[in-house]
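**Student:** The structure file my_file-v2.txt (compact mmCIF, C-alpha atoms) is provided below.
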```txt
# COMPACT_ATOMS: atom_id res chain seq x y z
CA GLN R 1 -42.21 64.63 -48.98
CA LYS R 2 -45.38 63.73 -50.90
CA ARG R 3 -48.29 62.28 -48.97
CA GLY R 4 -50.19 59.22 -50.12
CA PHE R 5 -49.91 55.48 -50.61
CA GLN R 6 -48.25 55.08 -54.00
CA PRO R 7 -45.35 57.58 -53.79
CA ASN R 8 -44.45 56.33 -50.33
CA TRP R 9 -44.63 52.68 -51.39
CA HIS R 10 -41.65 53.51 -53.64
CA ARG R 11 -39.95 55.81 -51.12
CA PHE R 12 -40.15 53.34 -48.23
CA THR R 13 -38.83 50.53 -50.45
CA MET R 14 -35.84 52.59 -51.54
CA GLU R 15 -35.12 53.81 -48.00
CA TYR R 16 -34.98 50.16 -46.96
CA LEU R 17 -32.62 49.22 -49.81
CA SER R 18 -30.32 52.20 -49.28
CA ASP R 19 -28.80 50.58 -46.19
CA TYR R 20 -27.25 47.91 -48.44
CA LEU R 21 -25.83 50.21 -51.12
CA THR R 22 -22.64 51.14 -49.35
CA LYS R 23 -19.73 53.32 -50.40
CA ASP R 24 -17.09 51.73 -52.64
CA SER R 25 -19.21 48.66 -53.44
CA GLU R 26 -20.20 47.71 -57.00
CA HIS R 27 -23.98 47.73 -57.44
CA LEU R 28 -26.28 46.74 -60.30
CA ASP R 29 -29.91 47.86 -60.27
CA PHE R 30 -31.64 45.61 -62.79
CA ALA R 31 -34.93 47.04 -64.08
CA CYS R 32 -33.88 50.41 -62.68
CA GLY R 33 -36.72 52.44 -64.23
CA PRO R 34 -35.90 56.17 -64.16
CA GLY R 35 -32.87 55.60 -61.90
CA THR R 36 -34.37 56.88 -58.66
CA LEU R 37 -32.77 54.28 -56.38
CA ILE R 38 -29.34 54.97 -57.84
CA GLY R 39 -29.69 58.72 -58.12
CA LEU R 40 -31.20 59.49 -54.73
CA TYR R 41 -30.45 56.56 -52.41
CA SER R 42 -27.23 54.79 -53.44
CA ARG R 43 -23.76 55.49 -52.05
CA ALA R 44 -22.29 52.66 -54.13
CA ARG R 45 -20.73 52.69 -57.59
CA SER R 46 -24.02 51.91 -59.28
CA THR R 47 -25.02 50.75 -62.74
CA GLY R 48 -28.63 50.77 -63.92
CA VAL R 49 -30.24 48.66 -66.64
CA ASP R 50 -33.77 48.88 -67.99
CA THR R 51 -35.75 47.91 -71.09
CA SER R 52 -37.30 51.37 -71.44
CA LYS R 53 -35.48 53.83 -73.68
CA SER R 54 -37.34 56.81 -72.20
CA GLN R 55 -36.62 55.77 -68.61
CA ILE R 56 -32.90 55.39 -69.33
CA LYS R 57 -32.87 58.73 -71.14
CA TYR R 58 -34.36 60.37 -68.04
CA ALA R 59 -31.86 58.64 -65.73
CA ARG R 60 -28.90 59.73 -67.83
CA GLU R 61 -30.10 63.32 -67.91
CA ASN R 62 -30.75 63.56 -64.17
CA TYR R 63 -28.25 61.34 -62.33
CA ARG R 64 -24.47 60.93 -62.36
CA ALA R 65 -24.14 57.19 -62.84
CA THR R 66 -23.90 54.61 -65.61
CA PHE R 67 -27.16 53.56 -67.25
CA PHE R 68 -27.83 51.11 -70.07
CA GLU R 69 -30.81 50.09 -72.12
CA LEU R 70 -31.10 46.32 -71.85
CA SER R 71 -30.46 45.96 -75.60
CA GLU R 72 -27.02 47.59 -75.22
CA PHE R 73 -26.01 45.88 -71.97
CA ASN R 74 -23.75 42.83 -72.36
CA TYR R 75 -23.80 40.98 -69.05
CA LYS R 76 -20.86 38.82 -70.15
CA GLU R 77 -18.58 41.84 -69.73
CA TYR R 78 -19.30 41.83 -65.95
CA LYS R 79 -18.19 38.39 -64.77
CA ASN R 80 -17.91 38.31 -60.93
CA HIS R 81 -18.12 42.11 -60.94
CA PHE R 82 -20.94 43.20 -58.62
CA ASP R 83 -21.13 43.07 -54.83
CA THR R 84 -24.86 43.75 -54.78
CA VAL R 85 -27.68 43.39 -57.29
CA THR R 86 -31.12 44.86 -56.66
CA ILE R 87 -34.25 43.82 -58.57
CA ILE R 88 -37.28 45.87 -57.58
CA GLY R 89 -40.78 44.93 -58.67
CA LEU R 90 -39.85 42.72 -61.62
CA PHE R 91 -40.37 39.10 -60.56
CA GLU R 92 -44.15 39.39 -60.55
CA PHE R 93 -44.09 40.23 -64.28
CA LEU R 94 -41.91 37.23 -65.23
CA ASP R 95 -42.77 33.57 -65.57
CA TYR R 96 -40.71 30.70 -64.16
CA GLU R 97 -38.49 30.26 -67.23
CA GLU R 98 -37.82 34.01 -67.49
CA ILE R 99 -36.82 34.22 -63.83
CA MET R 100 -34.50 31.21 -64.16
CA GLU R 101 -32.81 32.73 -67.22
CA LEU R 102 -32.33 36.01 -65.36
CA MET R 103 -30.89 34.19 -62.32
CA ASP R 104 -28.26 32.55 -64.53
CA GLN R 105 -27.16 36.00 -65.72
CA ILE R 106 -27.18 37.50 -62.22
CA SER R 107 -25.11 34.59 -60.90
CA TYR R 108 -22.56 35.20 -63.66
CA MET R 109 -22.24 38.89 -62.69
CA LEU R 110 -22.24 38.58 -58.88
CA LYS R 111 -19.04 38.06 -56.93
CA GLN R 112 -18.77 35.02 -54.69
CA ASN R 113 -20.72 35.80 -51.49
CA GLY R 114 -22.27 38.76 -53.31
CA GLN R 115 -25.85 39.63 -52.40
CA MET R 116 -28.97 39.94 -54.51
CA ILE R 117 -31.98 41.71 -53.02
CA VAL R 118 -35.29 41.03 -54.75
CA THR R 119 -38.55 42.79 -53.90
CA THR R 120 -41.92 41.47 -54.98
CA PRO R 121 -45.43 41.84 -53.54
CA ASN R 122 -46.40 39.52 -50.72
CA PHE R 123 -49.43 37.88 -52.32
CA SER R 124 -51.13 37.23 -49.01
CA PHE R 125 -54.82 37.70 -48.28
CA VAL R 126 -54.24 41.34 -47.24
CA PHE R 127 -52.44 42.26 -50.47
CA ARG R 128 -55.06 40.54 -52.64
CA LEU R 129 -57.84 42.30 -50.76
CA LEU R 130 -56.06 45.62 -51.27
CA MET R 131 -55.72 45.00 -55.01
CA LYS R 132 -59.35 43.99 -55.39
CA SER R 133 -60.44 47.08 -53.46
CA SER R 134 -58.40 49.30 -55.76
CA VAL R 135 -60.19 47.79 -58.80
CA ILE R 136 -63.52 48.70 -57.25
CA LEU R 137 -62.21 52.26 -56.93
CA GLY R 138 -61.40 52.30 -60.65
CA LYS R 139 -57.70 51.42 -60.57
CA LYS R 140 -55.99 48.99 -62.95
CA ASN R 141 -56.41 45.30 -62.13
CA TYR R 142 -52.77 44.27 -61.70
CA LEU R 143 -53.69 40.84 -60.33
CA SER R 144 -54.75 39.83 -63.83
CA ILE R 145 -51.34 40.63 -65.36
CA TYR R 146 -48.98 39.29 -62.69
CA LYS R 147 -47.28 36.15 -64.03
CA SER R 148 -45.74 35.08 -60.72
CA GLN R 149 -47.43 35.54 -57.36
CA PHE R 150 -45.14 34.72 -54.45
CA LYS R 151 -45.57 34.42 -50.72
CA SER R 152 -42.58 33.93 -48.46
CA ASN R 153 -42.86 30.13 -48.33
CA ASN R 154 -43.04 29.49 -52.09
CA LEU R 155 -40.41 32.16 -52.82
CA ASN R 156 -38.09 30.35 -50.44
CA SER R 157 -38.86 27.03 -52.10
CA PHE R 158 -38.26 28.51 -55.55
CA PHE R 159 -34.69 29.52 -54.66
CA ASP R 160 -33.99 26.19 -52.99
CA GLU R 161 -34.04 24.78 -56.54
CA ILE R 162 -31.17 27.02 -57.67
CA ASP R 163 -27.76 25.63 -56.76
CA ASP R 164 -25.85 28.91 -57.11
CA PHE R 165 -27.75 30.74 -54.38
CA ARG R 166 -28.75 30.39 -50.75
CA VAL R 167 -31.51 32.36 -49.07
CA LYS R 168 -30.18 34.49 -46.24
CA ARG R 169 -33.53 35.86 -45.11
CA ILE R 170 -36.86 37.27 -46.29
CA ASP R 171 -38.06 40.50 -44.73
CA LYS R 172 -41.67 41.64 -44.97
CA ILE R 173 -41.80 45.40 -45.38
CA LEU R 174 -44.37 48.11 -46.16
CA ASN R 175 -46.79 47.64 -43.30
CA MET R 176 -49.60 49.70 -41.78
CA GLY R 177 -47.33 52.73 -41.72
CA LEU R 178 -48.15 53.25 -45.39
CA PHE R 179 -51.74 54.09 -44.55
CA PHE R 180 -50.62 56.92 -42.24
CA THR R 181 -48.94 58.64 -45.20
CA ILE R 182 -52.31 60.12 -46.19
CA PHE R 183 -51.69 62.47 -43.24
CA SER R 184 -47.89 62.80 -43.36
CA SER R 185 -45.10 60.93 -45.11
CA ASN R 186 -42.83 61.29 -42.08
CA LEU R 187 -45.54 60.05 -39.73
CA GLY R 188 -46.01 57.02 -41.97
CA MET R 189 -42.27 56.29 -41.90
CA LYS R 190 -42.20 56.46 -38.07
CA VAL R 191 -45.11 54.03 -37.81
CA GLU R 192 -43.48 51.78 -40.43
CA LYS R 193 -40.22 51.57 -38.46
CA PHE R 194 -42.06 51.04 -35.17
CA ILE R 195 -43.92 48.04 -36.63
CA TYR R 196 -40.65 46.77 -38.20
CA ASN R 197 -39.05 46.67 -34.77
CA LEU R 198 -42.14 45.32 -33.02
CA THR R 199 -42.64 42.41 -35.46
CA ASN R 200 -39.01 41.90 -36.58
CA LYS R 201 -40.13 42.52 -40.19
CA ARG R 202 -42.62 39.63 -40.14
CA PHE R 203 -45.57 41.62 -41.46
CA GLY R 204 -45.74 43.61 -44.67
CA LEU R 205 -47.15 43.95 -48.16
CA LEU R 206 -43.76 43.55 -49.84
CA LEU R 207 -41.24 40.71 -49.67
CA ALA R 208 -37.57 41.70 -49.60
CA MET R 209 -35.49 38.60 -50.20
CA HIS R 210 -31.76 38.59 -49.44
CA ILE R 211 -29.95 35.95 -51.50
CA ILE R 212 -26.25 35.09 -51.37
CA LYS R 213 -24.23 33.68 -54.27
CA LYS R 214 -22.51 30.58 -52.90
CA TYR R 215 -19.73 30.23 -55.48
```
Output the structure of this file as structure tokens.
**Tutor:**
Amino acid sequence: QKRGFQPNWHRFTMEYLSDYLTKDSEHLDFACGPGTLIGLYSRARSTGVDTSKSQIKYARENYRATFFELSEFNYKEYKNHFDTVTIIGLFEFLDYEEIMELMDQISYMLKQNGQMIVTTPNFSFVFRLLMKSSVILGKKNYLSIYKSQFKSNNLNSFFDEIDDFRVKRIDKILNMGLFFTIFSSNLGMKVEKFIYNLTNKRFGLLLAMHIIKKY
């Protein structure tokens, strides 16, 4: 496994999500990128959708699953079809109206009592400090392009406004274990899981929100 912060940010996130992508369930990964979650971590019957033609081309060439460019995906063909929908790292790039429009489509496609799992950065003091430090080191200033910046309390409040869904829980993942990946990816994962168990997933740089479709 690769060492370092960025590759293990993605790996740890997908390891976490893999527990919910069970055999014989129908799964949609919206904004699937190159299909890594589906291709390497899912045991479900998975479908991936993304806006990027090149990312979907890569996914189709490398993984045995169904992938669509967003322009060719008709969500109305999937009424009450999916048991689980994952949305990784998209909310922060959408504004309120865009998220609400997407939630209408996801609600249409999810089965009753189906689950949506959304990940988005936890815009706490620690995450903001980390982002500002990365700018000093010459990295891209993502804080300036994020349209929505959630913490657990306002993310919870946001979904309270949507009648179709109820919030089951919000986990905070990607903790100090990430920083140990500069030495070893496996060491970082062990520290990550230890802190998970110690804090009951109450500390982390990433919010993982579990949302149930009510009807």
**Student:** Pick from R:Met103, R:Gln55, R:Thr86, R:Asn113: nearest to R:Glu161, with all atoms listed in the file counted?
**Tutor:**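 Counting all atoms listed in the file, the residue closest to R:Glu161 is R:Met103.
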**Student:** Of the residues R:Ile145, R:Ile182, R:Ile106, R:Ile173, which is the one nearest to R:Thr199, using all atoms listed in the file?
**Tutor:**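 Among R:Ile145, R:Ile182, R:Ile106, R:Ile173, it is R:Ile173 that comes nearest to R:Thr199.
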**Student:** Let me make sure I understand: among R:Val126, R:Leu110, R:Leu198, R:Met100, which one has the smallest atom-to-atom distance to R:Ile212 if we use only C-alpha atoms?
**Tutor:**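 Distance minimum relative to R:Ile212 lands on R:Leu110.
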**Student:** Could you build a table of the residues in stretch 90-190 of chain R lying no more than 10 Å from stretch 27-48 of chain R, giving for each the nearest pair of atoms and their separation in Å rounded to one decimal place, using all atoms listed in the file, ordered by chain and ascending residue number, as CSV?
**Tutor:**
```
residue,atom,partner,partner_atom,distance
R:Leu90,CA,R:Ala31,CA,7.0
R:Leu102,CA,R:Phe30,CA,10.0
R:Ile106,CA,R:Phe30,CA,9.3
R:Met109,CA,R:Leu28,CA,9.1
R:Leu110,CA,R:Leu28,CA,9.2
R:Gln115,CA,R:His27,CA,9.7
R:Met116,CA,R:Leu28,CA,9.3
R:Ile117,CA,R:Asp29,CA,9.7
R:Val118,CA,R:Phe30,CA,9.9
```
**Student:** So the first atom is atom CA of R:Asp95 and the second is atom CA of R:Lys147; what is the distance between them in Å, to one decimal place?
**Tutor:**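 These atoms are spaced 5.4 Å apart.
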**Student:** So how far away is atom CA of R:Leu174 from atom CA of R:Ala208, in Å?
**Tutor:** 10.0 Å
**Student:** Taking all atoms listed in the file into account, name the residue in R:Phe158, R:Glu101, R:Phe179, R:Tyr16 that is nearest to R:Lys201.
**Tutor:** R:Tyr16
**Student:** From the options R:Val49, R:Val191, R:Ile99, R:Met209, which residue's atoms come nearest to R:Thr66, counting all atoms listed in the file?
**Tutor:** R:Val49
**Student:** What's the separation between atom CA of R:Arg202 and atom CA of R:Asp171, in Å to one decimal place?
**Tutor:**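 Computing the Euclidean distance for atom CA of R:Arg202 and atom CA of R:Asp171 yields 6.5 Å.
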**Student:** Which one is closest to R:Leu205: R:Gln105, R:Asn80, R:Phe12, R:Arg3? Count all atoms listed in the file.
**Tutor:**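 Selected residue with least distance to R:Leu205: R:Phe12.
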**Student:** Given the point (-50.4, 61.1, -41.2) in the file's coordinates, find the residues that have an atom at most 12 Å from it, counting all atoms listed in the file, and give them as an MDAnalysis selection string.
**Tutor:** chainID R and resid 1:5 8 176:192
**Student:** Reconstruct stretch 99-110 of chain R at the level of all heavy atoms, and format the result as an mmCIF file, in the coordinates of the input.
**Tutor:**
```
data_model
loop_
_atom_site.group_PDB
_atom_site.id
_atom_site.type_symbol
_atom_site.label_atom_id
_atom_site.label_comp_id
_atom_site.auth_asym_id
_atom_site.auth_seq_id
_atom_site.Cartn_x
_atom_site.Cartn_y
_atom_site.Cartn_z
ATOM 1 N N ILE R 99 -37.554 33.978 -65.070
ATOM 2 C CA ILE R 99 -36.820 34.220 -63.830
ATOM 3 C C ILE R 99 -35.555 33.362 -63.785
ATOM 4 O O ILE R 99 -34.474 33.844 -63.412
ATOM 5 C CB ILE R 99 -37.704 33.932 -62.593
ATOM 6 C CG1 ILE R 99 -38.859 34.932 -62.527
ATOM 7 C CG2 ILE R 99 -36.877 34.005 -61.309
ATOM 8 C CD1 ILE R 99 -39.866 34.645 -61.428
ATOM 9 N N MET R 100 -35.656 32.103 -64.182
ATOM 10 C CA MET R 100 -34.500 31.210 -64.160
ATOM 11 C C MET R 100 -33.401 31.711 -65.104
ATOM 12 O O MET R 100 -32.213 31.660 -64.780
ATOM 13 C CB MET R 100 -34.922 29.792 -64.531
ATOM 14 C CG MET R 100 -35.816 29.126 -63.501
ATOM 15 S SD MET R 100 -35.029 28.965 -61.868
ATOM 16 C CE MET R 100 -33.859 27.654 -62.201
ATOM 17 N N GLU R 101 -33.786 32.189 -66.274
ATOM 18 C CA GLU R 101 -32.810 32.730 -67.220
ATOM 19 C C GLU R 101 -32.115 33.955 -66.630
ATOM 20 O O GLU R 101 -30.886 34.111 -66.739
ATOM 21 C CB GLU R 101 -33.490 33.095 -68.540
ATOM 22 C CG GLU R 101 -32.541 33.652 -69.591
ATOM 23 C CD GLU R 101 -33.232 34.037 -70.882
ATOM 24 O OE1 GLU R 101 -34.450 33.789 -71.020
ATOM 25 O OE2 GLU R 101 -32.547 34.587 -71.772
ATOM 26 N N LEU R 102 -32.891 34.829 -65.995
ATOM 27 C CA LEU R 102 -32.330 36.010 -65.360
ATOM 28 C C LEU R 102 -31.382 35.626 -64.225
ATOM 29 O O LEU R 102 -30.313 36.229 -64.068
ATOM 30 C CB LEU R 102 -33.442 36.911 -64.837
ATOM 31 C CG LEU R 102 -33.012 38.168 -64.072
ATOM 32 C CD1 LEU R 102 -32.125 39.069 -64.939
ATOM 33 C CD2 LEU R 102 -34.236 38.943 -63.584
ATOM 34 N N MET R 103 -31.735 34.617 -63.437
ATOM 35 C CA MET R 103 -30.890 34.190 -62.320
ATOM 36 C C MET R 103 -29.541 33.667 -62.810
ATOM 37 O O MET R 103 -28.512 33.863 -62.162
ATOM 38 C CB MET R 103 -31.592 33.142 -61.472
ATOM 39 C CG MET R 103 -32.797 33.662 -60.683
ATOM 40 S SD MET R 103 -32.396 35.047 -59.573
ATOM 41 C CE MET R 103 -32.789 36.480 -60.604
ATOM 42 N N ASP R 104 -29.530 33.008 -63.955
ATOM 43 C CA ASP R 104 -28.260 32.550 -64.530
ATOM 44 C C ASP R 104 -27.357 33.746 -64.841
ATOM 45 O O ASP R 104 -26.141 33.709 -64.584
ATOM 46 C CB ASP R 104 -28.510 31.758 -65.820
ATOM 47 C CG ASP R 104 -29.025 30.358 -65.550
ATOM 48 O OD1 ASP R 104 -28.872 29.880 -64.416
ATOM 49 O OD2 ASP R 104 -29.595 29.751 -66.480
ATOM 50 N N GLN R 105 -27.935 34.803 -65.382
ATOM 51 C CA GLN R 105 -27.160 36.000 -65.720
ATOM 52 C C GLN R 105 -26.693 36.728 -64.471
ATOM 53 O O GLN R 105 -25.533 37.192 -64.406
ATOM 54 C CB GLN R 105 -28.009 36.922 -66.599
ATOM 55 C CG GLN R 105 -28.376 36.313 -67.949
ATOM 56 C CD GLN R 105 -29.276 37.218 -68.771
ATOM 57 O OE1 GLN R 105 -29.493 38.382 -68.439
ATOM 58 N NE2 GLN R 105 -29.798 36.677 -69.857
ATOM 59 N N ILE R 106 -27.554 36.835 -63.470
ATOM 60 C CA ILE R 106 -27.180 37.500 -62.220
ATOM 61 C C ILE R 106 -26.058 36.731 -61.529
ATOM 62 O O ILE R 106 -25.089 37.321 -61.020
ATOM 63 C CB ILE R 106 -28.382 37.655 -61.283
ATOM 64 C CG1 ILE R 106 -29.474 38.527 -61.929
ATOM 65 C CG2 ILE R 106 -27.947 38.251 -59.939
ATOM 66 C CD1 ILE R 106 -29.054 39.919 -62.295
ATOM 67 N N SER R 107 -26.151 35.416 -61.512
ATOM 68 C CA SER R 107 -25.110 34.590 -60.900
ATOM 69 C C SER R 107 -23.769 34.817 -61.588
ATOM 70 O O SER R 107 -22.726 34.878 -60.924
ATOM 71 C CB SER R 107 -25.498 33.106 -60.995
ATOM 72 O OG SER R 107 -24.473 32.293 -60.473
ATOM 73 N N TYR R 108 -23.784 34.953 -62.888
ATOM 74 C CA TYR R 108 -22.560 35.200 -63.660
ATOM 75 C C TYR R 108 -21.927 36.527 -63.240
ATOM 76 O O TYR R 108 -20.699 36.646 -63.142
ATOM 77 C CB TYR R 108 -22.904 35.222 -65.148
ATOM 78 C CG TYR R 108 -21.737 35.409 -66.082
ATOM 79 C CD1 TYR R 108 -21.011 34.317 -66.569
ATOM 80 C CD2 TYR R 108 -21.347 36.685 -66.496
ATOM 81 C CE1 TYR R 108 -19.936 34.497 -67.427
ATOM 82 C CE2 TYR R 108 -20.270 36.872 -67.349
ATOM 83 C CZ TYR R 108 -19.574 35.763 -67.814
ATOM 84 O OH TYR R 108 -18.504 35.950 -68.663
ATOM 85 N N MET R 109 -22.753 37.543 -62.967
ATOM 86 C CA MET R 109 -22.240 38.890 -62.690
ATOM 87 C C MET R 109 -21.883 39.128 -61.225
ATOM 88 O O MET R 109 -21.055 39.990 -60.923
ATOM 89 C CB MET R 109 -23.259 39.937 -63.142
ATOM 90 C CG MET R 109 -23.438 40.013 -64.650
ATOM 91 S SD MET R 109 -24.557 41.364 -65.136
ATOM 92 C CE MET R 109 -26.155 40.683 -64.686
ATOM 93 N N LEU R 110 -22.497 38.384 -60.305
ATOM 94 C CA LEU R 110 -22.240 38.580 -58.880
ATOM 95 C C LEU R 110 -20.911 37.958 -58.468
ATOM 96 O O LEU R 110 -20.531 36.888 -58.932
ATOM 97 C CB LEU R 110 -23.351 37.936 -58.046
ATOM 98 C CG LEU R 110 -24.490 38.789 -57.520
ATOM 99 C CD1 LEU R 110 -25.467 37.906 -56.752
ATOM 100 C CD2 LEU R 110 -24.013 39.935 -56.653
#
```
